[in-house]
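Here is the structure we will look at.
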Amino acid sequence: MSERRPSPFKTLLDSDVCTLIEAAENVYQIRFKNRAANAYLVRGSSRTIMIDVGLSSNYPHLLTCLNHLGCPLEKIDMVVLSHEHLDHIGAAYHFHGRAFIAAHRLAANKITLRDDFSMLRKMFNEPNVPINIDLWLEEGNLIDLGNFRLNVMYTPGHTSACITLFEQDKGLLFASDTLMPGGVMGGVFGSGSIADYIQSLERLKGLNSKILLSGHGRLSDTPQDDVRVAIQRSHGLLSDTAQLFDALDARANFEPIMQSVRDLNKLDDS
């Protein structure tokens, strides 16, 4: 079995807890070595943003990486949250009053209402603090940083609220948990859907992406290969799910639920 070729991306800082990697000029991955998601810094000519910020427990290490780049918190204008899971957004409350915090409207609703089930709070030992969303994002929004123009794409599947940011001129694909290196899928949680996942991946396949900056794992300079593998796997997952429902005899289990609905309707009529 051949070894993976050396990474074309430069490591700027490496410690026991995190790694700082240069993905492209003025674009940096902060990769934590625990369960936290990757955080990204995009330093534009007119404004600077972060895409996801990891867990609150990683916040001191996030600061270390930002200071290494000469980018203290006061220089960050906006934090964009890719979706509602706490491993991506846990440290966001540290940015309150310092930067605008943005998310897709569906994620914003879950985060604002502190929907612990959707946010997977029990999976992570995070402080139970409010995270305020200042800006609701939608499909087609443009985040203009001067030398970067990030298009907001609504890409549900992993959850109902996932977004991807795409910088067309430079081919930068910030795909969060929708697509990861090697075609790894981020799983389908709660409000997610395998069918939506496939449709989102098909959209990503149509992009002229050059660098994949995902929610977990390494950077990838083969995003076209990654998305093709992910589509194949997601179709396989859809097939496996259909077989599971057949094995569970879903119709037989569904009928009592429908009978309950009919009984309730009779009560309403009486």
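Starting from 1 in every chain, residues are counted up; chains themselves are A, B, ... following the order of the structure tokens, and ligands are numbered from 1 as listed.
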
Write out as a PyMOL selection string which residues come within 7 Å of Thr222 of chain A when counting only C-alpha atoms, dropping same-chain ones fewer than 3 positions away. chain A and resi 210-211+225-226

Within 12 Å of Val184 of chain A, counting only C-alpha atoms, which residues show up once you throw out same-chain ones fewer than 6 positions away? Write them as an MDAnalysis selection string, please. chainID A and resid 158 175:178 201 214:218 220 223 225:234

For Arg35 of chain A, please output as a PyMOL selection string all residues within 10 Å (counting only C-alpha atoms; exclusion window: fewer than 3 positions along the same chain). chain A and resi 32+38+54-55+58+87-88+123-124+216

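Among the candidates A:Ala91, A:Tyr40, A:Leu207, A:Met185, the residue lying nearest to His235 of chain A is A:Met185 (atoms considered: only C-alpha atoms).
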
Contacts of Asp52 of chain A within 12 Å, only C-alpha atoms, excl. fewer than 5 positions in-chain, as a PDB file with N, CA and C atoms, in the first residue's frame:
ATOM      1  N   GLN A  29      -5.873  27.220   8.562  1.00  0.00           N
ATOM      2  CA  GLN A  29      -6.633  26.205   9.287  1.00  0.00           C
ATOM      3  C   GLN A  29      -6.064  26.063  10.685  1.00  0.00           C
ATOM      4  N   ILE A  30      -6.944  26.120  11.687  1.00  0.00           N
ATOM      5  CA  ILE A  30      -6.565  25.808  13.064  1.00  0.00           C
ATOM      6  C   ILE A  30      -7.200  24.461  13.377  1.00  0.00           C
ATOM      7  N   ARG A  31      -6.369  23.466  13.466  1.00  0.00           N
ATOM      8  CA  ARG A  31      -6.840  22.085  13.611  1.00  0.00           C
ATOM      9  C   ARG A  31      -6.572  21.608  15.032  1.00  0.00           C
ATOM     10  N   ALA A  36     -12.909  18.788  18.876  1.00  0.00           N
ATOM     11  CA  ALA A  36     -13.377  20.041  18.290  1.00  0.00           C
ATOM     12  C   ALA A  36     -13.201  20.049  16.780  1.00  0.00           C
ATOM     13  N   ALA A  37     -14.088  20.779  16.109  1.00  0.00           N
ATOM     14  CA  ALA A  37     -13.982  20.956  14.662  1.00  0.00           C
ATOM     15  C   ALA A  37     -12.863  21.936  14.335  1.00  0.00           C
ATOM     16  N   ASN A  38     -12.432  21.912  13.087  1.00  0.00           N
ATOM     17  CA  ASN A  38     -11.443  22.868  12.613  1.00  0.00           C
ATOM     18  C   ASN A  38     -12.024  24.280  12.617  1.00  0.00           C
ATOM     19  N   ALA A  39     -11.161  25.251  12.866  1.00  0.00           N
ATOM     20  CA  ALA A  39     -11.519  26.661  12.725  1.00  0.00           C
ATOM     21  C   ALA A  39     -10.675  27.236  11.590  1.00  0.00           C
ATOM     22  N   TYR A  40     -11.231  28.226  10.891  1.00  0.00           N
ATOM     23  CA  TYR A  40     -10.519  28.837   9.771  1.00  0.00           C
ATOM     24  C   TYR A  40     -10.494  30.350   9.922  1.00  0.00           C
ATOM     25  N   LEU A  41      -9.343  30.921   9.631  1.00  0.00           N
ATOM     26  CA  LEU A  41      -9.196  32.369   9.585  1.00  0.00           C
ATOM     27  C   LEU A  41      -8.983  32.777   8.135  1.00  0.00           C
ATOM     28  N   VAL A  42      -9.789  33.721   7.668  1.00  0.00           N
ATOM     29  CA  VAL A  42      -9.627  34.276   6.316  1.00  0.00           C
ATOM     30  C   VAL A  42      -9.383  35.772   6.484  1.00  0.00           C
ATOM     31  N   TYR A  59     -10.642  27.444  23.347  1.00  0.00           N
ATOM     32  CA  TYR A  59     -10.505  28.882  23.117  1.00  0.00           C
ATOM     33  C   TYR A  59      -9.088  29.412  23.398  1.00  0.00           C
ATOM     34  N   LEU A  62      -7.021  28.563  20.472  1.00  0.00           N
ATOM     35  CA  LEU A  62      -7.427  29.380  19.337  1.00  0.00           C
ATOM     36  C   LEU A  62      -6.735  30.735  19.398  1.00  0.00           C
ATOM     37  N   MET A  78     -16.124  39.197  11.747  1.00  0.00           N
ATOM     38  CA  MET A  78     -17.291  38.314  11.700  1.00  0.00           C
ATOM     39  C   MET A  78     -16.877  36.875  11.969  1.00  0.00           C
ATOM     40  N   VAL A  79     -17.758  36.144  12.659  1.00  0.00           N
ATOM     41  CA  VAL A  79     -17.610  34.704  12.841  1.00  0.00           C
ATOM     42  C   VAL A  79     -18.786  34.048  12.127  1.00  0.00           C
ATOM     43  N   VAL A  80     -18.485  33.181  11.158  1.00  0.00           N
ATOM     44  CA  VAL A  80     -19.523  32.464  10.414  1.00  0.00           C
ATOM     45  C   VAL A  80     -19.583  31.037  10.952  1.00  0.00           C
ATOM     46  N   LEU A  81     -20.755  30.630  11.406  1.00  0.00           N
ATOM     47  CA  LEU A  81     -20.955  29.277  11.936  1.00  0.00           C
ATOM     48  C   LEU A  81     -21.586  28.405  10.860  1.00  0.00           C
ATOM     49  N   SER A  82     -20.946  27.300  10.542  1.00  0.00           N
ATOM     50  CA  SER A  82     -21.383  26.460   9.419  1.00  0.00           C
ATOM     51  C   SER A  82     -22.686  25.725   9.705  1.00  0.00           C
ATOM     52  N   HIS A  83     -22.913  25.367  10.960  1.00  0.00           N
ATOM     53  CA  HIS A  83     -24.167  24.742  11.393  1.00  0.00           C
ATOM     54  C   HIS A  83     -24.192  24.764  12.916  1.00  0.00           C
ATOM     55  N   GLU A  84     -25.138  24.080  13.523  1.00  0.00           N
ATOM     56  CA  GLU A  84     -25.429  24.281  14.934  1.00  0.00           C
ATOM     57  C   GLU A  84     -24.658  23.401  15.905  1.00  0.00           C
ATOM     58  N   HIS A  85     -23.869  22.438  15.463  1.00  0.00           N
ATOM     59  CA  HIS A  85     -23.214  21.509  16.375  1.00  0.00           C
ATOM     60  C   HIS A  85     -22.146  22.206  17.228  1.00  0.00           C
ATOM     61  N   LEU A  86     -22.115  21.869  18.509  1.00  0.00           N
ATOM     62  CA  LEU A  86     -21.280  22.582  19.466  1.00  0.00           C
ATOM     63  C   LEU A  86     -19.785  22.442  19.214  1.00  0.00           C
ATOM     64  N   ASP A  87     -19.364  21.354  18.567  1.00  0.00           N
ATOM     65  CA  ASP A  87     -17.931  21.237  18.294  1.00  0.00           C
ATOM     66  C   ASP A  87     -17.465  22.282  17.285  1.00  0.00           C
ATOM     67  N   HIS A  88     -18.411  22.909  16.583  1.00  0.00           N
ATOM     68  CA  HIS A  88     -18.092  23.984  15.645  1.00  0.00           C
ATOM     69  C   HIS A  88     -18.310  25.369  16.237  1.00  0.00           C
ATOM     70  N   ILE A  89     -19.229  25.479  17.190  1.00  0.00           N
ATOM     71  CA  ILE A  89     -19.671  26.811  17.623  1.00  0.00           C
ATOM     72  C   ILE A  89     -19.417  27.101  19.100  1.00  0.00           C
ATOM     73  N   GLY A  90     -18.909  26.133  19.873  1.00  0.00           N
ATOM     74  CA  GLY A  90     -18.824  26.276  21.323  1.00  0.00           C
ATOM     75  C   GLY A  90     -18.103  27.528  21.794  1.00  0.00           C
ATOM     76  N   ALA A  91     -17.052  27.949  21.097  1.00  0.00           N
ATOM     77  CA  ALA A  91     -16.275  29.121  21.513  1.00  0.00           C
ATOM     78  C   ALA A  91     -16.858  30.437  21.013  1.00  0.00           C
ATOM     79  N   ALA A  92     -17.995  30.382  20.323  1.00  0.00           N
ATOM     80  CA  ALA A  92     -18.533  31.593  19.696  1.00  0.00           C
ATOM     81  C   ALA A  92     -18.905  32.662  20.718  1.00  0.00           C
ATOM     82  N   TYR A  93     -19.331  32.238  21.929  1.00  0.00           N
ATOM     83  CA  TYR A  93     -19.775  33.254  22.885  1.00  0.00           C
ATOM     84  C   TYR A  93     -18.633  34.163  23.342  1.00  0.00           C
ATOM     85  N   PHE A  95     -16.833  35.692  21.421  1.00  0.00           N
ATOM     86  CA  PHE A  95     -16.766  36.766  20.426  1.00  0.00           C
ATOM     87  C   PHE A  95     -17.910  37.770  20.572  1.00  0.00           C
ATOM     88  N   ILE A 101     -21.732  37.645  14.652  1.00  0.00           N
ATOM     89  CA  ILE A 101     -21.808  36.190  14.552  1.00  0.00           C
ATOM     90  C   ILE A 101     -22.943  35.855  13.595  1.00  0.00           C
ATOM     91  N   ALA A 102     -22.644  35.044  12.580  1.00  0.00           N
ATOM     92  CA  ALA A 102     -23.592  34.754  11.509  1.00  0.00           C
ATOM     93  C   ALA A 102     -23.772  33.256  11.353  1.00  0.00           C
ATOM     94  N   ALA A 103     -24.995  32.868  10.944  1.00  0.00           N
ATOM     95  CA  ALA A 103     -25.301  31.462  10.673  1.00  0.00           C
ATOM     96  C   ALA A 103     -26.516  31.417   9.763  1.00  0.00           C
ATOM     97  N   CYS A 162     -26.966  23.257   7.377  1.00  0.00           N
ATOM     98  CA  CYS A 162     -25.568  23.379   6.964  1.00  0.00           C
ATOM     99  C   CYS A 162     -25.385  24.362   5.805  1.00  0.00           C
ATOM    100  N   ILE A 163     -24.310  25.129   5.885  1.00  0.00           N
ATOM    101  CA  ILE A 163     -23.904  25.959   4.751  1.00  0.00           C
ATOM    102  C   ILE A 163     -22.477  25.627   4.359  1.00  0.00           C
ATOM    103  N   THR A 164     -22.174  25.902   3.097  1.00  0.00           N
ATOM    104  CA  THR A 164     -20.836  25.812   2.545  1.00  0.00           C
ATOM    105  C   THR A 164     -20.476  27.189   2.004  1.00  0.00           C
ATOM    106  N   LEU A 165     -19.236  27.599   2.176  1.00  0.00           N
ATOM    107  CA  LEU A 165     -18.763  28.861   1.613  1.00  0.00           C
ATOM    108  C   LEU A 165     -17.780  28.552   0.493  1.00  0.00           C
ATOM    109  N   PHE A 174     -15.060  25.811   1.609  1.00  0.00           N
ATOM    110  CA  PHE A 174     -15.221  25.620   3.052  1.00  0.00           C
ATOM    111  C   PHE A 174     -16.483  24.787   3.255  1.00  0.00           C
ATOM    112  N   ALA A 175     -16.329  23.471   3.285  1.00  0.00           N
ATOM    113  CA  ALA A 175     -17.477  22.561   3.217  1.00  0.00           C
ATOM    114  C   ALA A 175     -17.922  22.025   4.569  1.00  0.00           C
ATOM    115  N   SER A 176     -17.253  22.423   5.654  1.00  0.00           N
ATOM    116  CA  SER A 176     -17.632  21.979   6.991  1.00  0.00           C
ATOM    117  C   SER A 176     -17.783  20.453   7.021  1.00  0.00           C
ATOM    118  N   ASP A 177     -18.917  19.942   7.541  1.00  0.00           N
ATOM    119  CA  ASP A 177     -19.107  18.493   7.685  1.00  0.00           C
ATOM    120  C   ASP A 177     -19.865  17.879   6.514  1.00  0.00           C
ATOM    121  N   LEU A 213     -11.509  22.758   2.444  1.00  0.00           N
ATOM    122  CA  LEU A 213     -11.266  23.148   3.828  1.00  0.00           C
ATOM    123  C   LEU A 213     -12.469  22.658   4.634  1.00  0.00           C
ATOM    124  N   SER A 214     -12.329  21.502   5.249  1.00  0.00           N
ATOM    125  CA  SER A 214     -13.482  20.813   5.837  1.00  0.00           C
ATOM    126  C   SER A 214     -13.557  21.019   7.342  1.00  0.00           C
ATOM    127  N   GLY A 215     -14.644  20.507   7.916  1.00  0.00           N
ATOM    128  CA  GLY A 215     -14.879  20.681   9.336  1.00  0.00           C
ATOM    129  C   GLY A 215     -13.982  19.840  10.225  1.00  0.00           C
ATOM    130  N   HIS A 216     -13.458  18.752   9.701  1.00  0.00           N
ATOM    131  CA  HIS A 216     -12.572  17.878  10.468  1.00  0.00           C
ATOM    132  C   HIS A 216     -11.498  17.347   9.525  1.00  0.00           C
TER     133      HIS A 216
END

Between atom CA of Pro6 of chain A and atom CA of Asn208 of chain A, what distance in Å does the model show, to one decimal?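 Answer for the atom CA of Pro6 of chain A to atom CA of Asn208 of chain A separation: 23.2 Å.
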
DSSP-assigned helix (DSSP H, G or I) members of segment 128-267 of chain A, reported as a VMD selection string: chain A and resid 181 to 183 194 to 205 223 to 248 250 to 267

For the residues selected in the previous step, produce a file with C-alpha atoms as a PDB file, in the first residue's frame.
ATOM      1  CA  PRO A 181     -10.917  14.594   2.648  1.00  0.00           C
ATOM      2  CA  GLY A 182     -11.025  11.159   1.094  1.00  0.00           C
ATOM      3  CA  GLY A 183     -14.772  11.438   0.544  1.00  0.00           C
ATOM      4  CA  ILE A 194     -29.401  11.312   3.202  1.00  0.00           C
ATOM      5  CA  ALA A 195     -31.325  12.480   0.119  1.00  0.00           C
ATOM      6  CA  ASP A 196     -30.537  16.120   0.934  1.00  0.00           C
ATOM      7  CA  TYR A 197     -26.922  15.103   1.523  1.00  0.00           C
ATOM      8  CA  ILE A 198     -26.681  13.601  -1.958  1.00  0.00           C
ATOM      9  CA  GLN A 199     -28.204  16.688  -3.562  1.00  0.00           C
ATOM     10  CA  SER A 200     -25.766  18.945  -1.697  1.00  0.00           C
ATOM     11  CA  LEU A 201     -22.799  16.816  -2.753  1.00  0.00           C
ATOM     12  CA  GLU A 202     -23.970  16.954  -6.370  1.00  0.00           C
ATOM     13  CA  ARG A 203     -23.939  20.736  -6.116  1.00  0.00           C
ATOM     14  CA  LEU A 204     -20.389  20.675  -4.766  1.00  0.00           C
ATOM     15  CA  LYS A 205     -19.335  18.371  -7.592  1.00  0.00           C
ATOM     16  CA  PRO A 223     -11.723  18.099  -3.740  1.00  0.00           C
ATOM     17  CA  GLN A 224     -13.098  16.802  -7.038  1.00  0.00           C
ATOM     18  CA  ASP A 225     -11.936  13.283  -6.167  1.00  0.00           C
ATOM     19  CA  ASP A 226     -13.221  13.678  -2.612  1.00  0.00           C
ATOM     20  CA  VAL A 227     -16.735  14.649  -3.658  1.00  0.00           C
ATOM     21  CA  ARG A 228     -17.026  11.788  -6.191  1.00  0.00           C
ATOM     22  CA  VAL A 229     -16.173   9.248  -3.482  1.00  0.00           C
ATOM     23  CA  ALA A 230     -18.603  10.900  -1.045  1.00  0.00           C
ATOM     24  CA  ILE A 231     -21.450  10.685  -3.565  1.00  0.00           C
ATOM     25  CA  GLN A 232     -20.802   6.976  -4.068  1.00  0.00           C
ATOM     26  CA  ARG A 233     -20.772   6.393  -0.318  1.00  0.00           C
ATOM     27  CA  SER A 234     -23.932   8.404   0.272  1.00  0.00           C
ATOM     28  CA  HIS A 235     -25.820   6.378  -2.346  1.00  0.00           C
ATOM     29  CA  GLY A 236     -24.581   3.229  -0.594  1.00  0.00           C
ATOM     30  CA  LEU A 237     -25.806   4.617   2.719  1.00  0.00           C
ATOM     31  CA  LEU A 238     -29.209   5.350   1.187  1.00  0.00           C
ATOM     32  CA  SER A 239     -29.429   1.763  -0.058  1.00  0.00           C
ATOM     33  CA  ASP A 240     -28.384   0.377   3.342  1.00  0.00           C
ATOM     34  CA  THR A 241     -31.048   2.486   5.040  1.00  0.00           C
ATOM     35  CA  ALA A 242     -33.751   1.168   2.708  1.00  0.00           C
ATOM     36  CA  GLN A 243     -32.729  -2.387   3.565  1.00  0.00           C
ATOM     37  CA  LEU A 244     -32.834  -1.530   7.270  1.00  0.00           C
ATOM     38  CA  PHE A 245     -36.385  -0.197   6.996  1.00  0.00           C
ATOM     39  CA  ASP A 246     -37.409  -3.358   5.148  1.00  0.00           C
ATOM     40  CA  ALA A 247     -35.888  -5.481   7.896  1.00  0.00           C
ATOM     41  CA  LEU A 248     -37.763  -3.504  10.545  1.00  0.00           C
ATOM     42  CA  ALA A 250     -41.603  -0.132   8.673  1.00  0.00           C
ATOM     43  CA  ARG A 251     -45.178  -0.410   7.372  1.00  0.00           C
ATOM     44  CA  ALA A 252     -46.250  -2.608  10.259  1.00  0.00           C
ATOM     45  CA  ASN A 253     -44.670  -0.193  12.753  1.00  0.00           C
ATOM     46  CA  PHE A 254     -46.154   2.840  11.033  1.00  0.00           C
ATOM     47  CA  GLU A 255     -49.745   1.590  11.022  1.00  0.00           C
ATOM     48  CA  PRO A 256     -50.340   2.010  14.808  1.00  0.00           C
ATOM     49  CA  ILE A 257     -49.173   5.622  14.527  1.00  0.00           C
ATOM     50  CA  MET A 258     -51.633   6.292  11.686  1.00  0.00           C
ATOM     51  CA  GLN A 259     -54.434   4.634  13.661  1.00  0.00           C
ATOM     52  CA  SER A 260     -53.714   6.974  16.569  1.00  0.00           C
ATOM     53  CA  VAL A 261     -53.992   9.939  14.215  1.00  0.00           C
ATOM     54  CA  ARG A 262     -57.343   8.650  12.905  1.00  0.00           C
ATOM     55  CA  ASP A 263     -58.601   8.169  16.467  1.00  0.00           C
ATOM     56  CA  LEU A 264     -57.619  11.723  17.376  1.00  0.00           C
ATOM     57  CA  ASN A 265     -59.430  13.056  14.319  1.00  0.00           C
ATOM     58  CA  LYS A 266     -62.610  11.233  15.433  1.00  0.00           C
ATOM     59  CA  LEU A 267     -62.361  12.908  18.813  1.00  0.00           C
TER      60      LEU A 267
END

Hey, what does DSSP flag as strand (DSSP E or B) within segment 118-252 of chain A? Can you give it to me as a ChimeraX atom specification? /A:135-137,142-144,149-154,163-167,172-176,180,184,211-214,220

Using only C-alpha atoms, which of A:Ile143, A:Leu150, A:Val188, A:Leu179 sits nearest Leu212 of chain A? A:Leu179

Within 8 Å of segment 135-137 of chain A, counting only C-alpha atoms, which residues qualify if same-chain residues fewer than 2 places away don't, as a VMD selection string? chain A and resid 100 to 105 108 133 139 141 152

Given the selection you just returned, output its residues as a file containing N, CA, C and O atoms, formatted as a CSV table (one decimal), in the first residue's frame.
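In the end it all went to result_9.csv:
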chain,number,residue,atom,x,y,z
A,100,PHE,N,-19.4,40.3,14.6
A,100,PHE,CA,-20.7,39.8,14.3
A,100,PHE,C,-20.7,38.3,14.2
A,100,PHE,O,-19.7,37.8,13.7
A,101,ILE,N,-21.7,37.6,14.7
A,101,ILE,CA,-21.8,36.2,14.6
A,101,ILE,C,-22.9,35.9,13.6
A,101,ILE,O,-24.1,36.3,13.8
A,102,ALA,N,-22.6,35.0,12.6
A,102,ALA,CA,-23.6,34.8,11.5
A,102,ALA,C,-23.8,33.3,11.4
A,102,ALA,O,-22.9,32.5,11.6
A,103,ALA,N,-25.0,32.9,10.9
A,103,ALA,CA,-25.3,31.5,10.7
A,103,ALA,C,-26.5,31.4,9.8
A,103,ALA,O,-27.3,32.4,9.6
A,104,HIS,N,-26.7,30.3,9.1
A,104,HIS,CA,-27.9,30.1,8.3
A,104,HIS,C,-29.1,30.3,9.3
A,104,HIS,O,-29.1,29.9,10.5
A,105,ARG,N,-30.3,30.7,8.7
A,105,ARG,CA,-31.4,31.1,9.6
A,105,ARG,C,-31.9,29.8,10.4
A,105,ARG,O,-32.3,30.0,11.5
A,108,ALA,N,-29.4,29.4,13.1
A,108,ALA,CA,-29.6,30.5,14.0
A,108,ALA,C,-30.8,30.3,15.0
A,108,ALA,O,-30.7,30.6,16.2
A,133,ILE,N,-26.8,35.1,17.8
A,133,ILE,CA,-26.6,35.2,16.3
A,133,ILE,C,-27.0,36.6,15.9
A,133,ILE,O,-28.2,37.0,16.1
A,139,GLU,N,-29.0,31.1,1.3
A,139,GLU,CA,-28.4,30.8,-0.1
A,139,GLU,C,-28.3,32.0,-0.9
A,139,GLU,O,-29.2,32.8,-1.0
A,141,ASN,N,-26.2,34.6,-0.5
A,141,ASN,CA,-25.6,35.7,0.2
A,141,ASN,C,-24.1,35.7,-0.2
A,141,ASN,O,-23.5,34.7,-0.5
A,152,VAL,N,-22.3,32.1,-0.2
A,152,VAL,CA,-23.0,31.2,0.8
A,152,VAL,C,-23.9,30.2,0.0
A,152,VAL,O,-24.8,30.6,-0.8

Would you mind listing what lies within 6 Å of Phe166 of chain A as an MDAnalysis selection string, with only C-alpha atoms counted and same-chain residues fewer than 3 positions away left out? chainID A and resid 150:151 172:173
